[in-house]
Amino acid sequence: MRTFEDRTFAALRIVFGCVWAIDAYFKWQPAFINNFTSYLTDGAQGQPALVQAWINLWVHGVSVDPHFFAIVVALAETAIAIGLLFGFFTRVALLGGILMTLVIWSTAEGFGGPYAAGSTDIGAAIIYVIVFVALWLGKSWRHYSIDSRFKGTIPWLFGN
């Protein structure tokens, strides 16, 4: 067993959990909850027609009850932060984080928007996906986690 490497990935998981906790805090603020739809529509600005159509699909779905969807996003980010910080249902948190980040990247960030002159990056959210995958491959749940206390009980959820 690679104890140093395992502990390093666990520490990275906790630091990344702090980032998600800060982000979740911002999602609970009235400014986010009251302006949720505008974050999506802003992502569509200046995008090619196909990307605009994708984002507009999400906008129409969210427009049914934007406050509800904003609270769902805040709850999801809070759950991901807790999962990362405490190593609680870590695999679920990592998979949820990948999915959540891909949705953010493909909507609010407009796939990073590298489609026009002057674009400087492909968006930050896609980098989060890479960190989540690294935490999965590094089995970041092995140390400093609640999950490690339950290993062997449900192998696919808490196993090594």
# chains A, B, ... in the order shown; residues from 1 in each chain; ligands from 1
>>> residues_around(residues="A:Ala108", least_positions_apart="5", cutoff="12 Å", atoms="only C-alpha atoms", output="list in words")
Phe36, Thr37, Ser38, Tyr39, Leu40, Thr41, Asp42, Gly43, Ala44, Gln45, Gln47, Val51, Gln52, Trp54, Ile55, Asn56, Trp58, Val59, Met100, Thr101, Leu102, Val103, Gly113, Gly123, Ala124 and Ala125 of chain A
>>> closest_atom_pairs(of="stretch 76-126 of chain A", to="stretch 15-18 of chain A", cutoff="10 Å", atoms="only C-alpha atoms", output="tab-separated table")
residue	atom	partner	partner_atom	distance
A:Glu77	CA	A:Gly17	CA	9.9
A:Thr78	CA	A:Gly17	CA	9.5
A:Ile80	CA	A:Gly17	CA	7.5
A:Ala81	CA	A:Gly17	CA	4.7
A:Ile82	CA	A:Gly17	CA	7.0
A:Gly83	CA	A:Gly17	CA	7.6
A:Leu84	CA	A:Gly17	CA	4.7
A:Leu85	CA	A:Gly17	CA	4.8
A:Phe86	CA	A:Gly17	CA	8.4
A:Gly87	CA	A:Gly17	CA	9.3
>>> closest_atom_pairs(of="stretch 81-109 of chain A", to="stretch 127-135 of chain A", cutoff="7 Å", atoms="only C-alpha atoms", output="JSON lines")
{"residue": "A:Leu94", "atom": "CA", "partner": "A:Phe132", "partner_atom": "CA", "distance": 5.7}
{"residue": "A:Gly97", "atom": "CA", "partner": "A:Phe132", "partner_atom": "CA", "distance": 6.9}
{"residue": "A:Ile98", "atom": "CA", "partner": "A:Val129", "partner_atom": "CA", "distance": 5.2}
{"residue": "A:Thr101", "atom": "CA", "partner": "A:Val129", "partner_atom": "CA", "distance": 6.4}
>>> closest_residue(among="A:His67, A:Arg91, A:Lys27, A:Arg2", to="A:Ile146", atoms="only C-alpha atoms")
A:Arg91
>>> atom_distance(atom1="atom CA of A:Phe9", atom2="atom CA of A:Gly138")
5.8 Å
>>> residues_around(residues="A:Asn34", least_positions_apart="5", cutoff="9 Å", atoms="only C-alpha atoms", output="list in words")
Gln29, Pro66, His67 and Ala70 of chain A
>>> write_last_selection(atoms="N, CA and C atoms", output="PDB file, in the first residue's frame")
ATOM      1  N   GLN A  29     -26.383  32.391  -1.464  1.00  0.00           N
ATOM      2  CA  GLN A  29     -26.626  33.824  -1.365  1.00  0.00           C
ATOM      3  C   GLN A  29     -27.817  34.236  -2.234  1.00  0.00           C
ATOM      4  N   PRO A  66     -37.128  28.806 -11.446  1.00  0.00           N
ATOM      5  CA  PRO A  66     -35.697  29.077 -11.272  1.00  0.00           C
ATOM      6  C   PRO A  66     -35.222  29.012  -9.826  1.00  0.00           C
ATOM      7  N   HIS A  67     -36.047  29.425  -8.877  1.00  0.00           N
ATOM      8  CA  HIS A  67     -35.637  29.379  -7.471  1.00  0.00           C
ATOM      9  C   HIS A  67     -35.439  27.929  -7.015  1.00  0.00           C
ATOM     10  N   ALA A  70     -32.192  26.709  -8.492  1.00  0.00           N
ATOM     11  CA  ALA A  70     -31.056  27.340  -7.819  1.00  0.00           C
ATOM     12  C   ALA A  70     -30.796  26.659  -6.476  1.00  0.00           C
TER      13      ALA A  70
END
>>> closest_residue(among="A:Ser145, A:Gly110, A:Phe150, A:Val64", to="A:Leu50", atoms="only C-alpha atoms")
A:Gly110
>>> atom_distance(atom1="atom CA of A:Val92", atom2="atom CA of A:Leu75")
14.4 Å
>>> atom_distance(atom1="atom CA of A:Ile126", atom2="atom CA of A:Ser148")
28.3 Å
>>> select_by_dssp(residues="stretch 30-95 of chain A", states="alpha helix (DSSP H)", output="ChimeraX atom specification")
/A:30-34,36-44,49-62,66-86,90-95
>>> closest_residue(among="A:Ile14, A:Asp23, A:Phe4, A:Phe69", to="A:Asn35", atoms="only C-alpha atoms")
A:Phe69
>>> closest_residue(among="A:Phe111, A:Tyr144, A:Phe88, A:Tyr25", to="A:Ile71", atoms="only C-alpha atoms")
A:Tyr25
>>> residues_around(residues="A:His143", least_positions_apart="2", cutoff="6 Å", atoms="only C-alpha atoms", output="ChimeraX atom specification")
/A:7,10,141,145
>>> closest_residue(among="A:Arg142, A:Asp65, A:Ala76, A:Gly46", to="A:Ala24", atoms="only C-alpha atoms")
A:Ala76
